[in-house]
$ cat final36.txt   # compact mmCIF, C-alpha atoms
# COMPACT_ATOMS: atom_id res chain seq x y z
CA MET A 612 45.55 -137.34 18.41
CA GLY A 613 48.34 -135.05 19.22
CA ASN A 614 48.85 -133.16 22.44
CA SER A 615 47.40 -129.69 22.38
CA SER A 616 50.12 -128.26 24.61
CA LYS A 617 52.50 -125.86 22.95
CA ASP A 618 56.08 -126.82 22.17
CA ASP A 619 58.65 -124.91 24.21
CA SER A 620 60.57 -124.35 21.00
CA THR A 621 57.71 -122.48 19.38
CA THR A 622 56.86 -119.01 20.61
CA ASP A 623 55.08 -116.10 19.04
CA GLY A 624 57.38 -113.62 17.39
CA ASP A 625 60.58 -114.93 19.02
CA THR A 626 63.46 -113.06 17.38
CA SER A 627 65.85 -113.00 20.36
CA SER A 628 68.44 -114.99 18.43
CA GLY A 629 68.67 -112.26 15.83
CA ASP A 630 66.79 -114.33 13.24
CA THR A 631 64.24 -112.53 11.13
CA PRO A 632 60.60 -113.53 11.62
CA PRO A 633 59.33 -116.26 9.29
CA SER A 634 58.42 -115.08 5.85
CA ASN A 635 55.78 -117.80 5.36
CA PRO A 636 52.29 -116.28 5.26
CA ASN A 637 49.41 -117.32 7.49
CA LEU A 638 47.50 -119.58 5.09
CA TYR A 639 44.49 -120.44 7.24
CA ALA A 640 42.24 -118.17 9.28
CA GLU A 641 40.70 -119.03 12.63
CA GLY A 642 37.26 -120.52 12.04
CA GLU A 643 38.14 -121.65 8.50
CA LYS A 644 36.97 -125.07 7.31
CA VAL A 645 39.90 -127.09 5.96
CA LEU A 646 41.00 -130.58 4.99
CA ALA A 647 43.54 -132.15 7.35
CA TYR A 648 45.83 -135.14 6.95
CA HIS A 649 45.75 -137.61 9.85
CA GLY A 650 47.72 -140.79 9.32
CA PRO A 651 46.89 -142.22 5.91
CA ARG A 652 43.59 -140.35 5.55
CA ILE A 653 42.21 -136.84 5.05
CA TYR A 654 39.39 -135.44 7.20
CA GLU A 655 37.31 -132.29 7.33
CA ALA A 656 38.41 -129.99 10.14
CA LYS A 657 38.04 -126.46 11.46
CA VAL A 658 40.90 -124.15 12.45
CA GLN A 659 40.39 -123.15 16.08
CA LYS A 660 43.64 -121.22 16.62
CA ALA A 661 46.57 -120.06 14.51
CA GLU A 662 49.95 -119.05 15.85
CA GLN A 663 53.29 -118.03 14.36
CA GLY A 664 56.43 -119.80 15.45
CA LYS A 665 60.10 -119.37 14.58
CA LYS A 666 59.90 -121.17 11.25
CA ASP A 667 56.28 -121.55 10.28
CA TRP A 668 52.66 -121.15 11.28
CA ARG A 669 50.86 -123.91 13.10
CA TYR A 670 47.17 -124.50 13.69
CA PHE A 671 44.97 -126.02 16.38
CA VAL A 672 42.27 -127.97 14.53
CA HIS A 673 39.02 -129.66 15.45
CA TYR A 674 37.93 -132.65 13.33
CA LEU A 675 34.34 -131.96 12.37
CA GLY A 676 31.77 -134.24 13.95
CA TRP A 677 34.15 -135.77 16.48
CA ASN A 678 34.93 -135.35 20.16
CA LYS A 679 37.20 -132.46 21.08
CA ASN A 680 39.64 -134.99 22.54
CA TRP A 681 40.82 -135.47 18.95
CA ASP A 682 41.74 -131.77 18.62
CA GLU A 683 45.44 -131.17 17.97
CA TRP A 684 48.14 -128.76 16.79
CA VAL A 685 49.34 -129.38 13.23
CA GLY A 686 51.73 -127.73 10.84
CA SER A 687 50.64 -126.16 7.57
CA GLU A 688 51.96 -129.21 5.68
CA ARG A 689 49.12 -131.23 7.24
CA LEU A 690 46.39 -128.91 5.94
CA MET A 691 44.76 -128.10 2.60
CA LYS A 692 42.19 -125.55 1.55
CA HIS A 693 38.65 -126.91 1.41
CA THR A 694 38.27 -126.65 -2.35
CA GLU A 695 36.54 -128.87 -4.88
CA GLU A 696 39.90 -129.99 -6.22
CA ASN A 697 41.16 -130.99 -2.75
CA VAL A 698 37.91 -132.77 -1.93
CA LEU A 699 38.53 -134.89 -5.03
CA LYS A 700 42.00 -135.67 -3.64
CA GLN A 701 40.35 -136.74 -0.37
CA GLN A 702 37.95 -139.02 -2.25
CA ALA A 703 40.76 -140.49 -4.33
CA LEU A 704 42.73 -141.27 -1.16
CA ASP A 705 39.64 -142.84 0.41
CA LYS A 706 39.29 -145.03 -2.66
CA LYS A 707 42.95 -146.02 -2.45
CA GLN A 708 42.45 -146.99 1.20
CA GLY A 709 39.49 -149.15 0.20
CA VAL A 710 36.75 -146.80 1.41
CA ASP A 711 33.49 -146.42 -0.48
CA LYS A 712 31.53 -143.37 0.72
CA ASN A 713 28.39 -144.21 -1.24
CA PRO A 714 26.16 -146.25 1.11
CA LYS A 715 23.94 -147.30 -1.79
CA SER A 716 26.75 -148.75 -3.81
CA GLY A 717 26.98 -152.50 -3.97
CA ARG A 718 30.62 -152.44 -4.95
CA SER A 719 33.77 -152.30 -2.92
CA ALA A 720 36.71 -150.12 -3.89
CA GLN A 721 38.88 -153.22 -3.91
CA THR A 722 39.42 -155.37 -6.98
CA LYS A 723 37.93 -158.47 -5.40
CA PRO A 724 34.19 -157.94 -4.80
CA LYS A 725 32.97 -158.39 -1.24
CA SER A 726 29.73 -160.03 -0.22
CA SER A 727 26.75 -157.69 0.04
CA ALA A 728 26.91 -158.09 3.82
CA ASP A 729 30.57 -157.07 4.05
CA ALA A 730 30.06 -154.16 1.67
CA LYS A 731 27.15 -152.64 3.58
CA VAL A 732 28.76 -153.11 6.97
CA GLU A 733 31.73 -151.05 5.88
CA LYS A 734 29.67 -148.13 4.57
CA GLU A 735 28.91 -144.67 5.88
CA ASP A 736 30.07 -143.69 9.38
CA LEU A 737 31.74 -146.98 10.30
CA LYS A 738 34.22 -146.45 7.48
CA THR A 739 34.43 -142.70 6.91
CA ASN A 740 35.21 -139.42 8.62
CA VAL A 741 36.96 -140.75 11.71
CA PRO A 742 40.61 -140.53 12.71
CA LYS A 743 41.70 -144.14 13.05
CA GLY A 744 43.27 -144.87 16.40
CA LYS A 745 45.95 -142.81 18.09
CA LYS A 746 48.31 -140.99 15.79
CA ARG A 747 51.94 -141.99 15.91
CA LYS A 748 54.37 -139.18 16.60
CA ASN A 749 55.31 -138.75 12.99
CA ASP A 750 53.36 -135.90 11.43
CA SER A 751 55.22 -136.05 8.15
CA GLY A 752 55.18 -139.82 7.59
CA ALA A 753 51.88 -141.41 6.67
CA GLU A 754 53.88 -144.45 5.57
CA LYS A 755 54.26 -145.79 9.12
CA ASP A 756 50.52 -145.58 9.67
CA THR A 757 49.83 -147.26 6.35
CA LEU A 758 52.20 -150.12 7.12
CA SER A 759 50.41 -150.83 10.37
CA PHE A 760 47.23 -151.62 8.45
CA GLU A 761 49.02 -154.48 6.72
CA LYS A 762 49.36 -156.22 10.09
CA LEU A 763 45.75 -156.02 11.20
CA VAL A 764 44.57 -158.71 13.58
CA LYS A 765 41.91 -160.71 11.78
CA ILE A 766 38.56 -161.04 13.53
CA GLN A 767 36.22 -163.43 11.74
CA ILE A 768 32.66 -162.31 12.41
CA PRO A 769 30.15 -165.19 12.04
CA SER A 770 27.89 -164.88 9.00
CA THR A 771 24.69 -164.52 11.03
CA LEU A 772 26.24 -161.64 12.96
CA LYS A 773 27.32 -160.04 9.68
CA LYS A 774 23.67 -160.17 8.67
CA GLN A 775 22.87 -158.52 12.03
CA LEU A 776 25.28 -155.69 11.17
CA VAL A 777 23.65 -155.22 7.78
CA ASP A 778 20.16 -155.10 9.32
CA ASP A 779 21.41 -152.65 11.93
CA TRP A 780 22.83 -150.40 9.20
CA GLU A 781 19.60 -150.51 7.20
CA TYR A 782 17.32 -149.80 10.18
CA VAL A 783 19.31 -146.73 11.24
CA THR A 784 20.50 -145.20 7.98
CA GLN A 785 17.73 -146.20 5.58
CA GLN A 786 14.60 -146.47 7.75
CA ASP A 787 15.42 -143.87 10.43
CA LYS A 788 14.86 -146.40 13.22
CA LEU A 789 17.02 -146.40 16.31
CA VAL A 790 17.58 -148.91 19.09
CA LYS A 791 15.50 -147.82 22.08
CA LEU A 792 17.78 -147.12 25.03
CA PRO A 793 18.68 -148.27 27.61
CA ARG A 794 19.11 -151.80 26.21
CA SER A 795 18.50 -154.96 28.16
CA PRO A 796 20.64 -156.96 28.25
CA ASN A 797 23.26 -154.23 28.05
CA ILE A 798 26.91 -154.78 27.14
CA ASP A 799 27.94 -155.21 30.76
CA ASP A 800 25.30 -157.95 31.08
CA ILE A 801 26.56 -159.71 27.93
CA LEU A 802 30.17 -159.73 29.13
CA ARG A 803 29.12 -160.96 32.57
CA LYS A 804 27.04 -163.78 31.02
CA PHE A 805 30.07 -164.76 28.92
CA LEU A 806 32.17 -165.07 32.09
CA GLU A 807 29.47 -167.21 33.70
CA TYR A 808 29.40 -169.38 30.57
CA ARG A 809 33.18 -169.87 30.65
CA LEU A 810 33.10 -170.67 34.36
CA LYS A 811 30.39 -173.28 33.90
CA LYS A 812 32.14 -174.79 30.89
CA GLU A 813 35.72 -174.86 32.22
CA GLY A 814 35.27 -174.70 35.99
CA THR A 815 37.53 -171.67 36.18
CA ILE A 816 38.07 -168.33 34.47
CA PRO A 817 41.66 -167.61 33.40
CA ASP A 818 42.90 -164.15 34.30
CA PRO A 819 43.58 -163.24 30.64
CA VAL A 820 39.88 -163.70 29.86
CA VAL A 821 38.87 -161.29 32.61
CA GLU A 822 41.43 -158.72 31.42
CA VAL A 823 40.34 -159.03 27.79
CA LEU A 824 36.71 -158.39 28.72
CA LYS A 825 37.71 -155.38 30.81
CA GLY A 826 39.62 -154.11 27.78
CA ILE A 827 36.63 -154.62 25.48
CA ARG A 828 34.40 -152.65 27.86
CA CYS A 829 36.98 -149.87 28.08
CA TYR A 830 37.49 -149.74 24.30
CA PHE A 831 33.75 -149.61 23.74
CA ASP A 832 33.17 -146.77 26.20
CA LYS A 833 35.94 -144.71 24.60
CA ALA A 834 35.23 -145.57 20.96
CA LEU A 835 31.44 -145.32 20.94
CA PRO A 836 31.04 -141.53 20.64
CA VAL A 837 34.05 -141.22 18.35
CA MET A 838 33.64 -143.95 15.77
CA LEU A 839 30.77 -146.37 16.46
CA LEU A 840 27.71 -144.14 16.06
CA TYR A 841 25.91 -143.28 12.87
CA LYS A 842 25.16 -139.58 12.47
CA LYS A 843 21.47 -140.13 13.15
CA GLU A 844 22.32 -141.65 16.55
CA ARG A 845 24.42 -138.84 17.99
CA LYS A 846 21.54 -136.84 19.46
CA GLN A 847 20.24 -140.01 21.09
CA TYR A 848 23.67 -140.62 22.61
CA GLN A 849 23.74 -137.14 24.16
CA GLU A 850 20.33 -137.77 25.72
CA ALA A 851 21.08 -141.28 26.95
CA VAL A 852 24.64 -141.01 28.30
CA LYS A 853 24.63 -138.49 31.12
CA ASP A 854 25.94 -138.07 34.66
CA ASP A 855 29.14 -140.01 33.92
CA ILE A 856 27.20 -143.21 33.22
CA SER A 857 29.20 -145.77 31.27
CA PRO A 858 27.94 -146.36 27.69
CA SER A 859 28.33 -150.11 28.27
CA PHE A 860 25.46 -149.87 30.79
CA VAL A 861 23.23 -148.14 28.22
CA TYR A 862 23.96 -149.85 24.88
CA GLY A 863 23.60 -153.50 23.93
CA GLY A 864 24.75 -156.13 21.47
CA GLU A 865 23.94 -154.08 18.36
CA HIS A 866 26.59 -151.48 19.18
CA LEU A 867 29.05 -153.93 20.75
CA LEU A 868 29.11 -155.81 17.45
CA ARG A 869 30.16 -152.62 15.65
CA LEU A 870 33.24 -152.46 17.89
CA PHE A 871 34.53 -155.72 16.40
CA VAL A 872 34.47 -154.11 12.95
CA LYS A 873 36.83 -151.37 14.19
CA LEU A 874 38.99 -153.34 16.65
CA PRO A 875 41.55 -154.50 14.05
CA GLU A 876 42.30 -150.88 13.13
CA LEU A 877 42.46 -149.79 16.76
CA LEU A 878 44.82 -152.60 17.76
CA ALA A 879 47.12 -151.84 14.81
CA PHE A 880 48.30 -148.77 16.73
CA VAL A 881 49.03 -150.67 19.95
CA ASN A 882 52.38 -152.30 20.59
CA ILE A 883 51.36 -155.90 21.36
CA GLU A 884 53.54 -159.00 21.20
CA GLU A 885 52.50 -161.55 18.60
CA GLU A 886 51.73 -164.22 21.21
CA THR A 887 49.47 -161.84 23.14
CA LEU A 888 47.77 -160.79 19.90
CA THR A 889 47.01 -164.42 19.07
CA CYS A 890 45.47 -164.87 22.52
CA LEU A 891 43.37 -161.73 22.06
CA GLN A 892 42.16 -162.94 18.69
CA GLN A 893 41.00 -166.23 20.18
CA GLN A 894 39.12 -164.47 23.01
CA PHE A 895 37.38 -162.22 20.47
CA ILE A 896 36.32 -165.27 18.43
CA ASP A 897 35.02 -167.07 21.53
CA LEU A 898 32.97 -164.02 22.57
CA LEU A 899 31.53 -163.61 19.07
CA LYS A 900 30.53 -167.28 18.96
CA PHE A 901 28.84 -166.84 22.34
CA MET A 902 26.97 -163.79 21.03
CA GLN A 903 25.95 -165.77 17.94
CA LYS A 904 24.71 -168.63 20.12
CA ASN A 905 22.54 -166.17 22.07
CA GLN A 906 21.65 -163.96 19.11
CA SER A 907 17.89 -164.06 19.75
CA THR A 908 18.47 -162.88 23.33
CA PHE A 909 21.24 -160.33 22.82
CA PHE A 910 19.94 -158.60 19.68
CA LEU A 911 16.71 -156.95 18.62
CA SER A 912 14.95 -158.62 15.70
CA ALA A 913 13.61 -155.23 14.58
CA TYR A 914 13.80 -151.60 15.71
CA ASP A 915 10.57 -149.90 16.69
CA GLY A 916 11.27 -146.54 15.08
CA SER A 917 11.62 -144.55 18.29
CA LYS A 918 14.36 -141.98 17.77
CA GLY A 919 14.98 -141.15 21.40
CA VAL A 920 15.70 -142.83 24.69
CA GLU A 921 13.14 -144.73 26.77
CA GLY A 922 10.14 -142.53 27.40
CA LYS A 923 10.82 -140.11 24.54
CA GLY A 924 8.93 -139.90 21.27
CA LYS A 925 10.13 -139.08 17.81
CA ASP A 926 12.07 -135.90 17.12

$ encode --input "final36.txt" --output "structure tokens"
Amino acid sequence: MGNSSKDDSTTDGDTSSGDTPPSNPNLYAEGEKVLAYHGPRIYEAKVQKAEQGKKDWRYFVHYLGWNKNWDEWVGSERLMKHTEENVLKQQALDKKQGVDKNPKSGRSAQTKPKSSADAKVEKEDLKTNVPKGKKRKNDSGAEKDTLSFEKLVKIQIPSTLKKQLVDDWEYVTQQDKLVKLPRSPNIDDILRKFLEYRLKKEGTIPDPVVEVLKGIRCYFDKALPVMLLYKKERKQYQEAVKDDISPSFVYGGEHLLRLFVKLPELLAFVNIEEETLTCLQQQFIDLLKFMQKNQSTFFLSAYDGSKGVEGKGKD
């Protein structure tokens, strides 16, 4: 998201040049719930601050339900009143982007129907209400962001792991069952076992493989609280991830698999050469195949219904 620091060119009530103060009214009050454009999508937000500059008002907004690291200053052209009419605009834009907010729907918003596995995986929190990647420095042009989605790196998730994603979605969102934390093996264990597997198979571990796995761990730790959790899991996250512990030491294969659903969108906002992107894609495929091969070890076959961390009962 954008930097929250104030532009030097924008000061409150600056009329030293002889210009008259802006005539534009303050459209949004502090504390007001609004709809905010971010890239090609619209999200619910709350106005934290409002300030008057030389030409127009600008607002510091917090995207509801997401980490404050996403907070940013935006101009009034990025905001809309939270009205029924504008909510319909938001839903229409979601539909245009291929997002279906109804988790019970078996249909995709696209013309070509998806399999039931693909459709369910892309429901609810994994597809909605999250700013996608870092915003490019072009507040007025959603077109650049939209174009980047046409060049998404393709990550083919094996069919059995797609079924795992569907089961995961159903346990959490439909049956109110959560993965008991901490998981064993955790994500750090899975990545380490993959390195051991490559070493045994090839006799050496190329440096790019090590760097890719470091990147996956880093992406997971940063993305988990922002875009990989279902709403029903957020309280559990706050209880389980404390004292600067890395989420990759707490969570396991179930949540790592969710990262691969979002990685294409995240990488669309990173400037990567085509050759490097091809290499990344192959490493992702190799890791997914390894996870599939060890599916019975890396994933739970069922969730036990505990809604807290180890040692805690139901809410």

$ closest_residue --input "final36.txt" --among "A:Leu840, A:Leu888, A:Ile798, A:Ala913" --to "Pro858 of chain A" --atoms "only C-alpha atoms"
A:Ile798

$ closest_residue --input "final36.txt" --among "A:Tyr808, A:Phe910, A:Trp684, A:Phe880" --to "Gly650 of chain A" --atoms "only C-alpha atoms"
A:Phe880

$ atom_distance --input "final36.txt" --atom1 "atom CA of His649 of chain A" --atom2 "atom CA of Phe895 of chain A"
28.1 Å

$ closest_residue --input "final36.txt" --among "A:Leu792, A:Val645, A:Val821, A:Leu867" --to "Tyr848 of chain A" --atoms "only C-alpha atoms"
A:Leu792

$ residues_near_point --input "final36.txt" --point "(36.1, -126.5, 12.4)" --cutoff "7 Å" --atoms "only C-alpha atoms" --output "PDB file with C-alpha atoms, keeping the file's coordinate frame"
ATOM      1  CA  GLY A 642      37.260-120.520  12.040  1.00  0.00           C
ATOM      2  CA  GLU A 643      38.140-121.650   8.500  1.00  0.00           C
ATOM      3  CA  LYS A 644      36.970-125.070   7.310  1.00  0.00           C
ATOM      4  CA  ALA A 656      38.410-129.990  10.140  1.00  0.00           C
ATOM      5  CA  LYS A 657      38.040-126.460  11.460  1.00  0.00           C
ATOM      6  CA  VAL A 658      40.900-124.150  12.450  1.00  0.00           C
ATOM      7  CA  GLN A 659      40.390-123.150  16.080  1.00  0.00           C
ATOM      8  CA  VAL A 672      42.270-127.970  14.530  1.00  0.00           C
ATOM      9  CA  HIS A 673      39.020-129.660  15.450  1.00  0.00           C
ATOM     10  CA  TYR A 674      37.930-132.650  13.330  1.00  0.00           C
ATOM     11  CA  LEU A 675      34.340-131.960  12.370  1.00  0.00           C
TER      12      LEU A 675
END

$ residues_near_point --input "final36.txt" --point "(16.9, -147.7, 13.3)" --cutoff "12 Å" --atoms "all atoms listed in the file" --output "PyMOL selection string"
chain A and resi 776-792+840-844+847+865-866+911-919+925

$ residues_around --input "final36.txt" --residues "Ile766 of chain A" --least-positions-apart "2" --cutoff "9 Å" --atoms "all atoms listed in the file" --output "ChimeraX atom specification"
/A:764,768,871-872,874-875,892-893,895-896

$ axis_aligned_box --input "final36.txt" --around "segment 852-858 of chain A" --padding-each-side "4 Å" --output "AutoDock Vina command-line options"
--center_x 26.9 --center_y -142.2 --center_z 31.2 --size_x 12.6 --size_y 16.3 --size_z 15.0

$ closest_residue --input "final36.txt" --among "A:Val861, A:Leu690, A:Ala703, A:Val820" --to "Ser795 of chain A" --atoms "all atoms listed in the file"
A:Val861

$ residues_around --input "final36.txt" --residues "Ser687 of chain A" --least-positions-apart "2" --cutoff "9 Å" --atoms "all atoms listed in the file" --output "number ranges by chain"
A: 637-639, 667-670, 685, 689-691

$ atom_distance --input "final36.txt" --atom1 "atom CA of Lys825 of chain A" --atom2 "atom CA of Asp799 of chain A"
9.8 Å

$ closest_residue --input "final36.txt" --among "A:Gly864, A:Gly676, A:Pro651, A:Pro819" --to "Gln906 of chain A" --atoms "all atoms listed in the file"
A:Gly864

$ build_atoms --input "final36.txt" --residues "segment 853-873 of chain A" --atoms "N, CA and C atoms" --output "mmCIF file, in the frame of the given file"
data_model
loop_
_atom_site.group_PDB
_atom_site.id
_atom_site.type_symbol
_atom_site.label_atom_id
_atom_site.label_comp_id
_atom_site.auth_asym_id
_atom_site.auth_seq_id
_atom_site.Cartn_x
_atom_site.Cartn_y
_atom_site.Cartn_z
ATOM 1 N N LYS A 853 24.478 -139.684 30.287
ATOM 2 C CA LYS A 853 24.630 -138.490 31.120
ATOM 3 C C LYS A 853 25.123 -138.884 32.500
ATOM 4 N N ASP A 854 25.554 -137.870 33.255
ATOM 5 C CA ASP A 854 25.940 -138.070 34.660
ATOM 6 C C ASP A 854 27.031 -139.123 34.807
ATOM 7 N N ASP A 855 27.984 -139.110 33.872
ATOM 8 C CA ASP A 855 29.140 -140.010 33.920
ATOM 9 C C ASP A 855 28.769 -141.493 33.866
ATOM 10 N N ILE A 856 27.587 -141.801 33.374
ATOM 11 C CA ILE A 856 27.200 -143.210 33.220
ATOM 12 C C ILE A 856 28.023 -143.833 32.107
ATOM 13 N N SER A 857 28.402 -145.077 32.277
ATOM 14 C CA SER A 857 29.200 -145.770 31.270
ATOM 15 C C SER A 857 28.317 -146.195 30.106
ATOM 16 N N PRO A 858 28.728 -145.930 28.855
ATOM 17 C CA PRO A 858 27.940 -146.360 27.690
ATOM 18 C C PRO A 858 27.659 -147.858 27.668
ATOM 19 N N SER A 859 28.542 -148.660 28.272
ATOM 20 C CA SER A 859 28.330 -150.110 28.270
ATOM 21 C C SER A 859 27.151 -150.522 29.147
ATOM 22 N N PHE A 860 26.652 -149.603 29.991
ATOM 23 C CA PHE A 860 25.460 -149.870 30.790
ATOM 24 C C PHE A 860 24.194 -149.394 30.070
ATOM 25 N N VAL A 861 24.358 -148.708 28.941
ATOM 26 C CA VAL A 861 23.230 -148.140 28.220
ATOM 27 C C VAL A 861 22.977 -148.879 26.903
ATOM 28 N N TYR A 862 24.063 -149.226 26.203
ATOM 29 C CA TYR A 862 23.960 -149.850 24.880
ATOM 30 C C TYR A 862 24.057 -151.376 24.994
ATOM 31 N N GLY A 863 23.632 -152.042 23.923
ATOM 32 C CA GLY A 863 23.600 -153.500 23.930
ATOM 33 C C GLY A 863 24.397 -154.126 22.799
ATOM 34 N N GLY A 864 23.999 -155.341 22.432
ATOM 35 C CA GLY A 864 24.750 -156.130 21.470
ATOM 36 C C GLY A 864 24.896 -155.480 20.113
ATOM 37 N N GLU A 865 23.891 -154.708 19.686
ATOM 38 C CA GLU A 865 23.940 -154.080 18.360
ATOM 39 C C GLU A 865 25.179 -153.195 18.218
ATOM 40 N N HIS A 866 25.463 -152.412 19.251
ATOM 41 C CA HIS A 866 26.590 -151.480 19.180
ATOM 42 C C HIS A 866 27.908 -152.163 19.561
ATOM 43 N N LEU A 867 27.837 -153.175 20.433
ATOM 44 C CA LEU A 867 29.050 -153.930 20.750
ATOM 45 C C LEU A 867 29.584 -154.617 19.501
ATOM 46 N N LEU A 868 28.688 -155.133 18.668
ATOM 47 C CA LEU A 868 29.110 -155.810 17.450
ATOM 48 C C LEU A 868 29.854 -154.867 16.514
ATOM 49 N N ARG A 869 29.451 -153.605 16.486
ATOM 50 C CA ARG A 869 30.160 -152.620 15.650
ATOM 51 C C ARG A 869 31.610 -152.458 16.080
ATOM 52 N N LEU A 870 31.858 -152.609 17.393
ATOM 53 C CA LEU A 870 33.240 -152.460 17.890
ATOM 54 C C LEU A 870 34.162 -153.465 17.227
ATOM 55 N N PHE A 871 33.671 -154.691 16.983
ATOM 56 C CA PHE A 871 34.530 -155.720 16.400
ATOM 57 C C PHE A 871 34.897 -155.403 14.954
ATOM 58 N N VAL A 872 34.121 -154.556 14.299
ATOM 59 C CA VAL A 872 34.470 -154.110 12.950
ATOM 60 C C VAL A 872 35.688 -153.171 13.013
ATOM 61 N N LYS A 873 35.772 -152.369 14.085
ATOM 62 C CA LYS A 873 36.830 -151.370 14.190
ATOM 63 C C LYS A 873 38.043 -151.838 14.989
#
